[in-house]
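Engineer: So that you have it, the file is upload36.cif, and it contains mmCIF, C-alpha atoms:
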data_upload
#
loop_
_atom_site.label_atom_id
_atom_site.label_comp_id
_atom_site.auth_asym_id
_atom_site.auth_seq_id
_atom_site.Cartn_x
_atom_site.Cartn_y
_atom_site.Cartn_z
CA MET Z 1222 0.00 0.00 0.00
CA GLN Z 1223 2.86 2.37 0.93
CA ILE Z 1224 4.58 1.64 -2.40
CA LEU Z 1225 1.37 2.32 -4.32
CA LYS Z 1226 0.95 5.65 -2.49
CA LEU Z 1227 4.54 6.55 -3.26
CA LEU Z 1228 4.17 5.67 -6.96
CA ALA Z 1229 0.97 7.74 -7.10
CA ALA Z 1230 2.83 10.68 -5.52
CA ILE Z 1231 5.69 10.42 -8.04
CA THR Z 1232 3.23 10.19 -10.96
CA LEU Z 1233 1.32 13.20 -9.65
CA ALA Z 1234 4.58 15.13 -9.24
CA ALA Z 1235 5.56 14.33 -12.84
CA LEU Z 1236 2.15 15.44 -14.15
CA VAL Z 1237 2.28 18.68 -12.13
CA HIS Z 1238 5.82 19.31 -13.42
CA PHE Z 1239 4.82 18.77 -17.08
CA ALA Z 1240 1.66 20.89 -16.74
CA GLY Z 1241 3.59 23.64 -14.94
CA MET Z 1242 6.33 23.69 -17.58
CA ARG Z 1243 3.71 23.92 -20.30
CA LEU Z 1244 1.88 26.83 -18.69
CA PHE Z 1245 4.92 28.71 -17.30
CA PRO Z 1246 8.31 28.05 -18.98
CA SER Z 1247 10.17 29.03 -15.77
CA PHE Z 1248 8.12 26.67 -13.57
CA GLY Z 1249 11.01 24.18 -13.35
CA GLN Z 1250 13.29 26.91 -12.05
CA ALA Z 1251 10.80 28.13 -9.44
CA VAL Z 1252 9.55 24.80 -8.03
CA ASP Z 1253 11.01 21.29 -7.94
CA VAL Z 1254 8.02 19.05 -7.28
CA PHE Z 1255 10.18 15.91 -7.43
CA LEU Z 1256 12.29 17.25 -4.55
CA VAL Z 1257 9.11 17.94 -2.55
CA VAL Z 1258 8.14 14.24 -2.90
CA VAL Z 1259 11.60 13.15 -1.70
CA ALA Z 1260 11.62 15.57 1.26
CA LEU Z 1261 8.07 14.70 2.40
CA HIS Z 1262 8.86 10.99 2.16
CA GLY Z 1263 12.03 11.61 4.17
CA LEU Z 1264 9.94 13.26 6.92
CA ARG Z 1265 8.50 9.81 7.72
CA GLY Z 1266 11.87 9.06 9.33
CA ASN Z 1267 12.92 5.83 7.57
CA SER Z 1268 16.38 6.77 6.30
CA LEU Z 1269 16.97 3.68 4.12
CA SER Z 1270 13.64 4.02 2.33
CA ALA Z 1271 14.19 7.80 2.01
CA LEU Z 1272 17.60 7.48 0.36
CA LEU Z 1273 16.33 4.83 -2.07
CA VAL Z 1274 13.30 6.94 -2.98
CA GLY Z 1275 15.64 9.92 -3.42
CA LEU Z 1276 17.80 7.87 -5.78
CA LEU Z 1277 14.80 6.66 -7.82
CA VAL Z 1278 13.12 10.07 -8.10
CA GLY Z 1279 16.44 11.80 -8.84
CA LEU Z 1280 17.27 9.41 -11.66
CA LEU Z 1281 13.79 9.93 -13.13
CA GLN Z 1282 14.40 13.68 -13.04
CA ASP Z 1283 17.82 13.14 -14.63
CA SER Z 1284 16.22 11.45 -17.63
CA LEU Z 1285 14.41 14.76 -18.33
CA SER Z 1286 17.27 17.14 -17.67
CA GLY Z 1287 20.01 18.12 -20.09
CA GLY Z 1288 23.03 17.57 -17.83
CA PRO Z 1289 25.01 14.38 -17.16
CA PHE Z 1290 22.76 11.49 -16.11
CA GLY Z 1291 22.97 11.03 -12.34
CA LEU Z 1292 23.32 14.63 -11.09
CA TYR Z 1293 19.85 14.76 -9.53
CA GLY Z 1294 20.10 11.08 -8.51
CA PHE Z 1295 23.17 11.87 -6.40
CA ALA Z 1296 21.71 15.06 -4.91
CA ASP Z 1297 18.28 13.59 -4.10
CA THR Z 1298 19.81 10.50 -2.45
CA ILE Z 1299 21.52 12.82 0.04
CA ILE Z 1300 18.35 14.92 0.43
CA GLY Z 1301 16.26 11.83 1.25
CA TYR Z 1302 18.76 10.62 3.84
CA VAL Z 1303 19.28 14.05 5.45
CA THR Z 1304 15.55 14.79 5.78
CA ALA Z 1305 14.94 11.34 7.29
CA ARG Z 1306 17.72 11.88 9.84
CA LEU Z 1307 16.30 15.33 10.65
CA ALA Z 1308 12.86 13.80 11.16
CA GLN Z 1309 14.37 11.24 13.56
CA ARG Z 1310 15.91 13.99 15.71
CA LEU Z 1311 13.27 16.71 15.52
CA VAL Z 1312 9.51 16.56 16.02
CA ILE Z 1313 8.16 18.14 12.81
CA GLN Z 1314 4.39 18.36 12.99
CA ARG Z 1315 3.65 21.98 12.23
CA ALA Z 1316 3.40 23.46 8.74
CA THR Z 1317 6.19 25.95 9.52
CA GLY Z 1318 8.53 23.05 10.34
CA VAL Z 1319 7.72 21.37 7.02
CA LEU Z 1320 8.28 24.70 5.23
CA ALA Z 1321 11.70 25.04 6.84
CA VAL Z 1322 12.78 21.45 6.11
CA VAL Z 1323 11.64 21.45 2.46
CA SER Z 1324 13.18 24.88 1.81
CA PHE Z 1325 16.43 23.72 3.43
CA SER Z 1326 16.32 20.58 1.22
CA SER Z 1327 16.02 22.79 -1.87
CA VAL Z 1328 19.02 24.92 -0.84
CA LEU Z 1329 21.05 21.78 -0.05
CA GLN Z 1330 20.11 20.23 -3.41
CA GLN Z 1331 21.21 23.38 -5.27
CA ALA Z 1332 24.50 23.40 -3.37
CA ILE Z 1333 25.17 19.73 -4.21
CA LEU Z 1334 24.28 20.29 -7.88
CA VAL Z 1335 26.61 23.29 -8.10
CA ALA Z 1336 29.43 21.31 -6.46
CA LEU Z 1337 28.88 18.42 -8.89
CA ALA Z 1338 28.72 20.81 -11.84
CA PHE Z 1339 32.10 22.28 -10.88
CA LEU Z 1340 33.53 18.76 -10.49
CA LEU Z 1341 32.13 17.20 -13.66
CA LEU Z 1342 31.21 19.84 -16.25
CA PRO Z 1343 33.85 21.54 -18.42
CA VAL Z 1344 32.04 24.90 -18.24
CA PRO Z 1345 29.77 24.94 -15.17
CA GLU Z 1346 26.90 27.41 -15.10
CA PRO Z 1347 25.46 27.54 -11.58
CA PRO Z 1348 21.87 28.77 -11.10
CA SER Z 1349 21.49 32.42 -10.10
CA PRO Z 1350 21.16 33.09 -6.33
CA LEU Z 1351 17.84 34.83 -6.91
CA TRP Z 1352 16.36 31.78 -8.64
CA ALA Z 1353 17.81 29.52 -5.92
CA ALA Z 1354 15.96 31.60 -3.30
CA VAL Z 1355 12.74 31.57 -5.35
CA ARG Z 1356 13.07 27.81 -5.74
CA ALA Z 1357 13.59 27.28 -2.00
CA ALA Z 1358 10.50 29.36 -1.22
CA GLY Z 1359 8.46 27.68 -3.98
CA CYS Z 1360 9.41 24.18 -2.84
CA GLY Z 1361 8.65 25.08 0.77
CA LEU Z 1362 5.19 26.38 -0.08
CA VAL Z 1363 4.33 23.41 -2.30
CA GLY Z 1364 5.64 21.10 0.44
CA VAL Z 1365 3.41 22.74 3.06
CA ALA Z 1366 0.40 22.58 0.73
CA ALA Z 1367 1.00 18.87 0.05
CA TYR Z 1368 1.60 18.17 3.77
CA VAL Z 1369 -1.58 19.98 4.86
CA ALA Z 1370 -3.63 18.30 2.11
CA SER Z 1371 -2.35 14.82 2.97
CA SER Z 1372 -2.91 15.40 6.73
CA HIS Z 1373 -6.46 16.57 6.06
CA TRP Z 1374 -7.10 13.57 3.80
CA ARG Z 1375 -5.67 11.20 6.44
CA ARG Z 1376 -7.86 12.73 9.19
CA THR Z 1377 -10.98 12.53 7.02
CA ALA Z 1378 -10.24 8.89 6.18
CA GLU Z 1379 -9.71 8.14 9.90
CA VAL Z 1380 -13.01 9.79 10.89
CA ARG Z 1381 -14.84 7.78 8.22
CA ARG Z 1382 -13.18 4.55 9.36
CA ARG Z 1383 -14.16 5.23 12.98
CA GLY Z 1384 -17.70 6.01 11.89
CA ARG Z 1385 -17.92 2.70 10.06
CA MET Z 1386 -16.49 0.85 13.07
CA SER Z 1387 -19.00 2.41 15.50
CA LYS Z 1388 -21.87 1.52 13.17
CA LEU Z 1389 -20.62 -2.06 13.06
CA ARG Z 1390 -20.48 -2.20 16.88
CA LEU Z 1391 -23.99 -0.78 17.23
CA GLY Z 1392 -25.31 -3.19 14.62
CA MET I 485 18.09 -1.96 9.46
CA ASP I 486 20.04 0.09 12.01
CA GLU I 487 21.36 3.55 11.20
CA ARG I 488 24.97 2.39 10.96
CA ARG I 489 24.16 -0.04 8.15
CA THR I 490 22.01 2.58 6.43
CA GLY I 491 25.01 4.92 6.55
CA TRP I 492 27.09 2.28 4.76
CA VAL I 493 24.34 1.80 2.16
CA LEU I 494 24.33 5.58 1.61
CA ILE I 495 28.10 5.65 1.11
CA ILE I 496 28.00 2.70 -1.32
CA VAL I 497 25.12 4.26 -3.32
CA LEU I 498 26.86 7.66 -3.50
CA VAL I 499 30.25 6.25 -4.48
CA GLY I 500 28.53 4.04 -7.09
CA GLN I 501 26.79 7.07 -8.55
CA LEU I 502 29.99 9.11 -8.64
CA VAL I 503 31.78 6.29 -10.49
CA TYR I 504 28.81 6.03 -12.88
CA LEU I 505 28.92 9.79 -13.53
CA ALA I 506 32.67 9.68 -14.16
CA ILE I 507 32.42 6.70 -16.56
CA GLN I 508 29.51 8.32 -18.36
CA GLY I 509 31.43 11.60 -18.75
CA ALA I 510 34.28 9.71 -20.40
CA ARG I 511 31.99 7.80 -22.80
CA ALA I 512 29.61 10.68 -23.66
CA GLY I 513 26.65 8.66 -24.88
CA GLU I 514 23.13 7.63 -23.90
CA THR I 515 22.71 5.22 -20.97
CA ARG I 516 20.16 2.43 -20.52
CA LEU I 517 18.79 3.95 -17.32
CA GLU I 518 18.28 7.28 -19.09
CA VAL I 519 16.47 5.57 -21.97
CA PHE I 520 14.27 3.69 -19.46
CA GLY I 521 13.42 6.91 -17.59
CA LEU I 522 12.60 8.72 -20.82
CA ARG I 523 10.36 5.86 -21.94
CA LEU I 524 8.53 6.05 -18.61
CA LEU I 525 8.06 9.83 -18.50
CA GLY I 526 7.70 10.46 -22.25
CA PRO I 527 4.05 9.28 -22.50
CA MET I 528 3.08 11.45 -19.50
CA ALA I 529 4.74 14.50 -21.05
CA ARG I 530 2.99 13.76 -24.34
CA GLY I 531 -0.38 13.42 -22.59
CA VAL I 532 0.02 16.78 -20.88
CA ALA I 533 1.32 18.42 -24.08
CA SER I 534 -1.86 17.41 -25.93
CA ILE I 535 -4.01 19.49 -23.53
CA PRO I 536 -4.63 23.06 -24.80
CA ARG I 537 -2.16 25.57 -23.30
CA SER I 538 -4.90 27.32 -21.32
CA PHE I 539 -8.54 28.33 -21.45
CA ALA I 540 -7.32 31.84 -22.31
CA GLY I 541 -5.49 30.32 -25.25
CA ALA I 542 -8.67 28.61 -26.45
CA ARG I 543 -10.58 31.92 -26.18
CA GLU I 544 -7.81 33.62 -28.14
CA GLU I 545 -8.23 30.97 -30.84
CA VAL I 546 -11.93 31.81 -31.21
CA LYS I 547 -11.05 35.50 -31.49
CA LEU I 548 -8.46 34.76 -34.15
CA ARG I 549 -11.06 33.20 -36.41
CA GLY I 550 -12.37 36.70 -37.08
CA THR I 551 -9.07 37.76 -38.62
CA LEU I 552 -8.60 34.60 -40.67
CA LEU I 553 -10.03 36.05 -43.89
CA GLU I 554 -7.58 38.94 -43.93
CA GLU I 555 -4.70 36.65 -42.98
CA ASN I 556 -5.68 34.20 -45.72
CA ARG I 557 -5.60 36.99 -48.33
CA GLU I 558 -2.17 38.07 -47.12
CA LEU I 559 -0.84 34.50 -47.19
CA ARG I 560 -2.11 33.94 -50.75
CA ARG I 561 -0.22 37.04 -51.88
CA GLU I 562 2.89 35.78 -50.11
CA VAL I 563 2.55 32.33 -51.72
CA ARG I 564 2.37 33.94 -55.22
CA GLU I 565 5.55 35.91 -54.49
CA LEU I 566 7.33 32.85 -53.10
CA ARG I 567 6.36 30.76 -56.14
CA LEU I 568 7.94 33.34 -58.42
CA ARG I 569 11.04 33.35 -56.24
CA LEU I 570 11.14 29.54 -56.23
CA LEU I 571 11.11 29.54 -60.04
CA ARG I 572 14.18 31.78 -60.08
CA VAL I 573 15.93 29.71 -57.37
CA THR I 574 15.16 26.43 -59.19
CA ASP I 575 16.66 27.93 -62.32
CA ILE I 576 19.83 28.91 -60.44
CA GLU I 577 19.98 25.49 -58.75
CA GLY I 578 19.78 23.73 -62.14
CA GLU I 579 22.55 25.96 -63.46
CA MET I 580 24.75 25.20 -60.43
CA LEU I 581 24.16 21.45 -60.78
CA ARG I 582 25.13 21.61 -64.47
CA LEU I 583 28.29 23.58 -63.63
CA GLY I 584 29.08 21.13 -60.81
CA ALA I 585 28.66 18.17 -63.15
CA ALA I 586 30.93 19.88 -65.72
CA VAL I 587 33.80 20.08 -63.21
CA ARG I 588 32.80 16.78 -61.51
CA TYR I 589 32.03 18.42 -58.16
CA PRO I 590 30.31 15.89 -55.85
CA THR I 591 27.05 17.48 -54.63
CA PRO I 592 26.29 16.68 -50.99
CA PRO I 593 22.92 14.97 -50.39
CA ALA I 594 20.14 17.47 -49.56
CA GLY I 595 18.47 15.32 -46.85
CA ARG I 596 14.76 14.81 -46.16
CA ILE I 597 13.03 16.42 -43.18
CA ARG I 598 10.19 15.07 -41.04
CA ALA I 599 8.18 16.80 -38.36
CA ALA I 600 8.36 15.87 -34.67
CA ASP I 601 6.23 17.20 -31.81
CA ILE I 602 7.84 18.77 -28.77
CA VAL I 603 6.38 17.16 -25.64
CA TYR I 604 8.66 18.75 -23.05
CA VAL I 605 10.90 21.78 -23.18
CA ASP I 606 13.09 23.38 -20.53
CA HIS I 607 15.08 26.21 -22.08
CA ALA I 608 15.17 28.41 -18.99
CA SER I 609 17.11 26.34 -16.46
CA TRP I 610 20.87 25.76 -16.55
CA LEU I 611 20.37 22.15 -17.70
CA ARG I 612 18.46 22.95 -20.87
CA THR I 613 16.62 20.17 -22.68
CA LEU I 614 13.97 19.31 -25.23
CA VAL I 615 12.05 16.01 -25.53
CA LEU I 616 10.44 15.07 -28.86
CA TYR I 617 7.82 12.55 -29.88
CA THR I 618 9.02 11.18 -33.21
CA GLY I 619 6.29 8.60 -33.87
CA GLU I 620 6.84 5.07 -35.14
CA GLN I 621 10.08 5.86 -36.93
CA PRO I 622 12.59 6.56 -34.15
CA ALA I 623 15.18 9.31 -34.35
CA ARG I 624 18.90 8.64 -34.59
CA VAL I 625 21.58 9.80 -32.16
CA ASN I 626 23.32 12.92 -33.55
CA GLN I 627 20.44 13.61 -35.95
CA PRO I 628 20.17 17.40 -36.60
CA VAL I 629 17.00 19.10 -35.33
CA LEU I 630 15.74 22.23 -37.12
CA SER I 631 12.92 24.74 -36.96
CA PRO I 632 11.76 26.92 -39.86
CA ASP I 633 14.01 29.69 -38.44
CA GLY I 634 17.21 27.70 -38.10
CA LEU I 635 19.20 25.14 -36.13
CA VAL I 636 17.78 23.87 -32.82
CA GLY I 637 20.29 21.16 -31.83
CA ARG I 638 20.97 17.44 -32.18
CA VAL I 639 19.46 14.25 -30.80
CA ILE I 640 21.48 12.84 -27.88
CA THR I 641 19.20 10.10 -26.48
CA VAL I 642 16.64 7.92 -28.25
CA ALA I 643 14.04 6.00 -26.23
CA GLY I 644 11.61 4.36 -28.69
CA PRO I 645 9.34 7.07 -30.04
CA TYR I 646 10.91 9.68 -27.74
CA ALA I 647 14.15 11.55 -28.27
CA LYS I 648 16.10 13.98 -26.07
CA VAL I 649 17.73 16.92 -27.85
CA GLN I 650 20.80 18.92 -26.87
CA LEU I 651 20.06 22.55 -27.72
CA ILE I 652 22.78 24.59 -29.45
CA THR I 653 22.57 27.04 -26.52
CA ASP I 654 23.71 24.27 -24.14
CA LEU I 655 27.14 25.05 -22.65
CA ALA I 656 28.41 21.64 -23.78
CA ALA I 657 27.20 22.08 -27.39
CA SER I 658 29.37 23.21 -30.30
CA VAL I 659 28.68 23.62 -34.02
CA GLY I 660 30.99 24.37 -36.92
CA GLY I 661 29.80 27.80 -38.12
CA MET I 662 30.67 30.35 -40.79
CA VAL I 663 29.91 34.02 -41.35
CA LEU I 664 27.73 34.16 -44.47
CA ARG I 665 29.16 37.46 -45.78
CA THR I 666 32.84 36.53 -45.61
CA ARG I 667 32.68 32.66 -45.41
CA ARG I 668 35.00 32.90 -42.38
CA GLN I 669 34.68 29.75 -40.27
CA GLY I 670 34.67 29.32 -36.50
CA VAL I 671 33.11 27.24 -33.74
CA VAL I 672 29.70 28.23 -32.38
CA ARG I 673 29.28 27.37 -28.70
CA GLY I 674 26.42 27.65 -26.27
CA GLY I 675 27.05 30.83 -24.30
CA GLY I 676 24.80 30.28 -21.30
CA ARG I 677 22.62 32.96 -19.77
CA GLY I 678 25.38 35.59 -19.53
CA SER I 679 25.83 36.10 -23.29
CA GLY I 680 23.27 36.46 -26.04
CA GLY I 681 22.87 32.69 -26.04
CA LEU I 682 25.71 31.73 -28.42
CA GLU I 683 29.36 32.58 -28.98
CA LEU I 684 31.45 32.28 -32.15
CA ASP I 685 34.98 31.22 -31.18
CA TYR I 686 38.29 30.89 -33.02
CA VAL I 687 37.71 33.73 -35.49
CA PRO I 688 41.07 35.55 -35.84
CA LEU I 689 41.35 39.28 -35.10
CA GLN I 690 42.18 40.11 -38.72
CA ALA I 691 38.89 38.54 -39.92
CA ASP I 692 36.11 40.95 -40.92
CA VAL I 693 33.05 40.32 -38.70
CA ARG I 694 30.39 42.94 -37.99
CA PRO I 695 27.25 43.10 -35.87
CA GLY I 696 24.29 41.99 -37.99
CA ASP I 697 26.28 39.37 -39.93
CA ARG I 698 24.42 36.09 -40.36
CA VAL I 699 26.09 32.88 -39.21
CA LEU I 700 25.28 29.52 -40.82
CA THR I 701 26.46 25.96 -40.21
CA ALA I 702 29.74 25.32 -42.01
CA GLY I 703 29.27 21.57 -42.48
CA ILE I 704 32.69 20.83 -41.02
CA ASP I 705 31.69 19.06 -37.79
CA GLY I 706 30.39 15.84 -39.32
CA VAL I 707 26.97 16.29 -37.67
CA TYR I 708 25.24 19.27 -39.33
CA PRO I 709 25.12 19.93 -43.08
CA ARG I 710 26.23 23.29 -44.46
CA GLY I 711 23.92 26.30 -44.76
CA ILE I 712 21.49 26.07 -41.82
CA PRO I 713 20.97 29.47 -40.09
CA VAL I 714 22.48 29.46 -36.59
CA GLY I 715 22.30 33.08 -35.49
CA VAL I 716 23.11 36.75 -36.04
CA VAL I 717 26.20 38.55 -34.71
CA LEU I 718 25.22 40.79 -31.79
CA SER I 719 28.62 42.18 -30.79
CA VAL I 720 32.28 41.82 -31.70
CA ALA I 721 34.99 42.54 -29.13
CA ASN I 722 38.69 41.93 -28.77
CA GLY I 723 38.81 38.60 -26.97
CA GLY I 724 42.56 38.35 -26.36
CA GLN I 725 45.72 38.20 -28.42
CA LEU I 726 44.50 36.09 -31.32
CA PHE I 727 40.73 35.84 -31.59
CA HIS I 728 37.60 37.98 -31.59
CA ARG I 729 35.02 37.58 -28.84
CA ILE I 730 31.79 37.32 -30.82
CA GLN I 731 28.33 37.02 -29.32
CA LEU I 732 25.41 35.73 -31.37
CA ALA I 733 21.64 35.86 -31.00
CA PRO I 734 20.22 32.43 -31.91
CA ALA I 735 18.18 32.33 -35.12
CA VAL I 736 15.54 30.29 -33.27
CA ASP I 737 13.30 31.65 -30.51
CA PHE I 738 13.41 28.63 -28.20
CA GLY I 739 10.58 29.97 -26.09
CA SER I 740 8.03 29.71 -28.89
CA LEU I 741 8.91 26.29 -30.31
CA ASP I 742 6.09 23.78 -30.57
CA GLN I 743 7.18 21.65 -33.51
CA VAL I 744 10.59 20.89 -34.96
CA TYR I 745 12.00 18.94 -37.91
CA LEU I 746 14.43 16.05 -37.91
CA LEU I 747 16.85 16.14 -40.79
CA GLU I 748 17.64 12.79 -42.42
CA TYR I 749 21.25 13.60 -43.09
CA PRO I 750 23.97 10.95 -43.30
CA ALA I 751 26.49 11.89 -40.61
CA VAL I 752 30.17 11.29 -41.27
CA PRO I 753 30.90 7.70 -40.10
CA GLN I 754 32.91 7.38 -36.89
CA SER I 755 35.51 5.24 -38.73
CA VAL I 756 36.18 8.16 -41.10
CA LYS I 757 36.31 10.70 -38.22
CA GLU I 758 38.86 8.60 -36.33
CA VAL I 759 41.20 7.91 -39.25
CA ARG I 760 44.71 9.32 -38.66
CA PRO I 761 46.72 11.28 -41.20
CA GLY I 762 49.07 9.02 -43.08
CA ALA I 763 47.11 5.84 -42.17
CA ASN I 764 46.31 3.39 -44.92
CA PRO I 765 42.69 3.67 -46.14
#
I'd like the structure from this file rewritten - as structure tokens, please.

Structural biologist:
Amino acid sequence: MQILKLLAAITLAALVHFAGMRLFPSFGQAVDVFLVVVALHGLRGNSLSALLVGLLVGLLQDSLSGGPFGLYGFADTIIGYVTARLAQRLVIQRATGVLAVVSFSSVLQQAILVALAFLLLPVPEPPSPLWAAVRAAGCGLVGVAAYVASSHWRRTAEVRRRGRMSKLRLG
Amino acid sequence: MDERRTGWVLIIVLVGQLVYLAIQGARAGETRLEVFGLRLLGPMARGVASIPRSFAGAREEVKLRGTLLEENRELRREVRELRLRLLRVTDIEGEMLRLGAAVRYPTPPAGRIRAADIVYVDHASWLRTLVLYTGEQPARVNQPVLSPDGLVGRVITVAGPYAKVQLITDLAASVGGMVLRTRRQGVVRGGGRGSGGLELDYVPLQADVRPGDRVLTAGIDGVYPRGIPVGVVLSVANGGQLFHRIQLAPAVDFGSLDQVYLLEYPAVPQSVKEVRPGANP
């Protein structure tokens, strides 16, 4: 069930990314929906699962990007692991906490990508600091929206399940 | 699994990826994982690309219908003019072919073109890319990609009916180019965001290059045929002791692309490219 949910989240992220890029050509620069999926999955606290999901999602993103294959795979593996370790040490339940963690993930991802670009590319062209800040804010906001929506959905599903259980007991 | 073992898994995965990146950089070709990823995401991108750009766009389309009559009249006039011009050009072409045959000049093949839909484009970020849907007949690696305005790039990855294109504005891209007015050759490189989009390198200081000069493909790189528009010279500056520093504006507006053309052009075989001077044929 968890795997199905995860696959649905990745598919949804890909569809949002494609639709966003079609409507606004700079969407990919402003928001990284794939990173949001990795960071939110990392917040569950399972570091092994988080790093593997980071690897998978990053490699998928690499197949769309124009750079060497594996740049995002490398960065997102670290992001998944770091967010999971953060979630193990900190209690992140509020939206502001999610905003901070996802924004931090975006900044960390940009830093790793820039470092890799300088290591591997003959003529590296790092993203502008302004766009990096916009991307961190964009990812944070999308992360909060997804977190709030999924919490609301989970609560509603729980209330319904309890309702069904009480009816069964009364019956 | 405890955190210590997960840490080891992380190190192994990261080192593995670094080795993979290094090997890939040395080989410079498509990878199976990349092809698999493109095959997986390509249909999704194509599905989204088939949806109209926006409701506003659809409303604009309805509005446009009102101006179609006038536009049709204008286009008919343009077609008449172009037909006359084509007659003259065909005449000149026939004359050139006859002259070429007289001196036994081998004419390069013209090459057929076929249309391909763009299903995903990212020309704004620093890792620029373009994904095409080529239909049943797959594209070929290194196949030139054109638009009606000029050169777009070349195919770098083929995944069934999908193909990833390296744009000429990519920092890793280079094209053999020549200034149309003087036939002076150089190497056109992607200039990144800082320049006008392209740079023309290795043009000596004594060469005559001016802003406004048109730059075409020179046909010397073994990938692109000669004569495809690449860009227009924006500025010429002294780039050092030997060469000009020339910035170009691309002939193609990458932001407004929605369809491109694949050129069926026989690239120079690798065996010919790798032959050393003095080696036996």

Engineer: Please report as a count of residues only which residues of chain Z come no farther than 6 Å from chain I, using all atoms listed in the file.

Structural biologist: 9

Engineer: Counting all atoms listed in the file, find residues at most 10 Å from (28.4, 35.2, -35.6) (file frame) and give them as number ranges by chain.

Structural biologist: I: 661-664, 668-672, 682-685, 687, 693-700, 714-720, 729-734

Engineer: Within 6 Å of (19.6, 13.2, -6.3), only C-alpha atoms: residues as a list in words?

Structural biologist: Gly1275, Leu1276, Gly1279, Tyr1293, Gly1294, Phe1295, Ala1296, Asp1297 and Thr1298 of chain Z

Engineer: Taking the file above as input, evaluate the PyMOL selection byres ((chain Z and resi 1327) around 12) and report the hits as number ranges by chain.

Structural biologist: Z: 1250-1260, 1293, 1296-1297, 1299-1301, 1303-1304, 1320-1326, 1328-1334, 1352-1364

Engineer: To one decimal in Å, tell me the separation between CA of Val625 in chain I and CA of Arg638 in chain I.

Structural biologist: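 A separation of 7.7 Å between them.
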
Engineer: Place N, CA and C atoms on range 581-592 of chain I and deliver the coordinates as a PDB file, in the frame of the given file.

Structural biologist:
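Final output, saved to selection15.pdb:
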ATOM      1  N   LEU I 581      23.963  22.894 -60.644  1.00  0.00           N
ATOM      2  CA  LEU I 581      24.160  21.450 -60.780  1.00  0.00           C
ATOM      3  C   LEU I 581      24.881  21.117 -62.087  1.00  0.00           C
ATOM      4  N   ARG I 582      24.487  21.841 -63.170  1.00  0.00           N
ATOM      5  CA  ARG I 582      25.130  21.610 -64.470  1.00  0.00           C
ATOM      6  C   ARG I 582      26.609  21.987 -64.403  1.00  0.00           C
ATOM      7  N   LEU I 583      26.884  23.146 -63.771  1.00  0.00           N
ATOM      8  CA  LEU I 583      28.290  23.580 -63.630  1.00  0.00           C
ATOM      9  C   LEU I 583      29.085  22.593 -62.787  1.00  0.00           C
ATOM     10  N   GLY I 584      28.434  22.107 -61.682  1.00  0.00           N
ATOM     11  CA  GLY I 584      29.080  21.130 -60.810  1.00  0.00           C
ATOM     12  C   GLY I 584      29.411  19.859 -61.553  1.00  0.00           C
ATOM     13  N   ALA I 585      28.440  19.412 -62.390  1.00  0.00           N
ATOM     14  CA  ALA I 585      28.660  18.170 -63.150  1.00  0.00           C
ATOM     15  C   ALA I 585      29.800  18.368 -64.158  1.00  0.00           C
ATOM     16  N   ALA I 586      29.884  19.602 -64.722  1.00  0.00           N
ATOM     17  CA  ALA I 586      30.930  19.880 -65.720  1.00  0.00           C
ATOM     18  C   ALA I 586      32.323  19.749 -65.113  1.00  0.00           C
ATOM     19  N   VAL I 587      32.466  20.182 -63.842  1.00  0.00           N
ATOM     20  CA  VAL I 587      33.800  20.080 -63.210  1.00  0.00           C
ATOM     21  C   VAL I 587      33.878  18.879 -62.257  1.00  0.00           C
ATOM     22  N   ARG I 588      32.870  18.001 -62.342  1.00  0.00           N
ATOM     23  CA  ARG I 588      32.800  16.780 -61.510  1.00  0.00           C
ATOM     24  C   ARG I 588      32.872  17.077 -60.018  1.00  0.00           C
ATOM     25  N   TYR I 589      32.098  18.063 -59.582  1.00  0.00           N
ATOM     26  CA  TYR I 589      32.030  18.420 -58.160  1.00  0.00           C
ATOM     27  C   TYR I 589      30.953  17.557 -57.503  1.00  0.00           C
ATOM     28  N   PRO I 590      31.321  16.763 -56.463  1.00  0.00           N
ATOM     29  CA  PRO I 590      30.310  15.890 -55.850  1.00  0.00           C
ATOM     30  C   PRO I 590      29.336  16.684 -54.978  1.00  0.00           C
ATOM     31  N   THR I 591      28.059  16.721 -55.372  1.00  0.00           N
ATOM     32  CA  THR I 591      27.050  17.480 -54.630  1.00  0.00           C
ATOM     33  C   THR I 591      26.662  16.722 -53.362  1.00  0.00           C
ATOM     34  N   PRO I 592      26.702  17.382 -52.210  1.00  0.00           N
ATOM     35  CA  PRO I 592      26.290  16.680 -50.990  1.00  0.00           C
ATOM     36  C   PRO I 592      24.782  16.387 -51.009  1.00  0.00           C
TER      37      PRO I 592
END
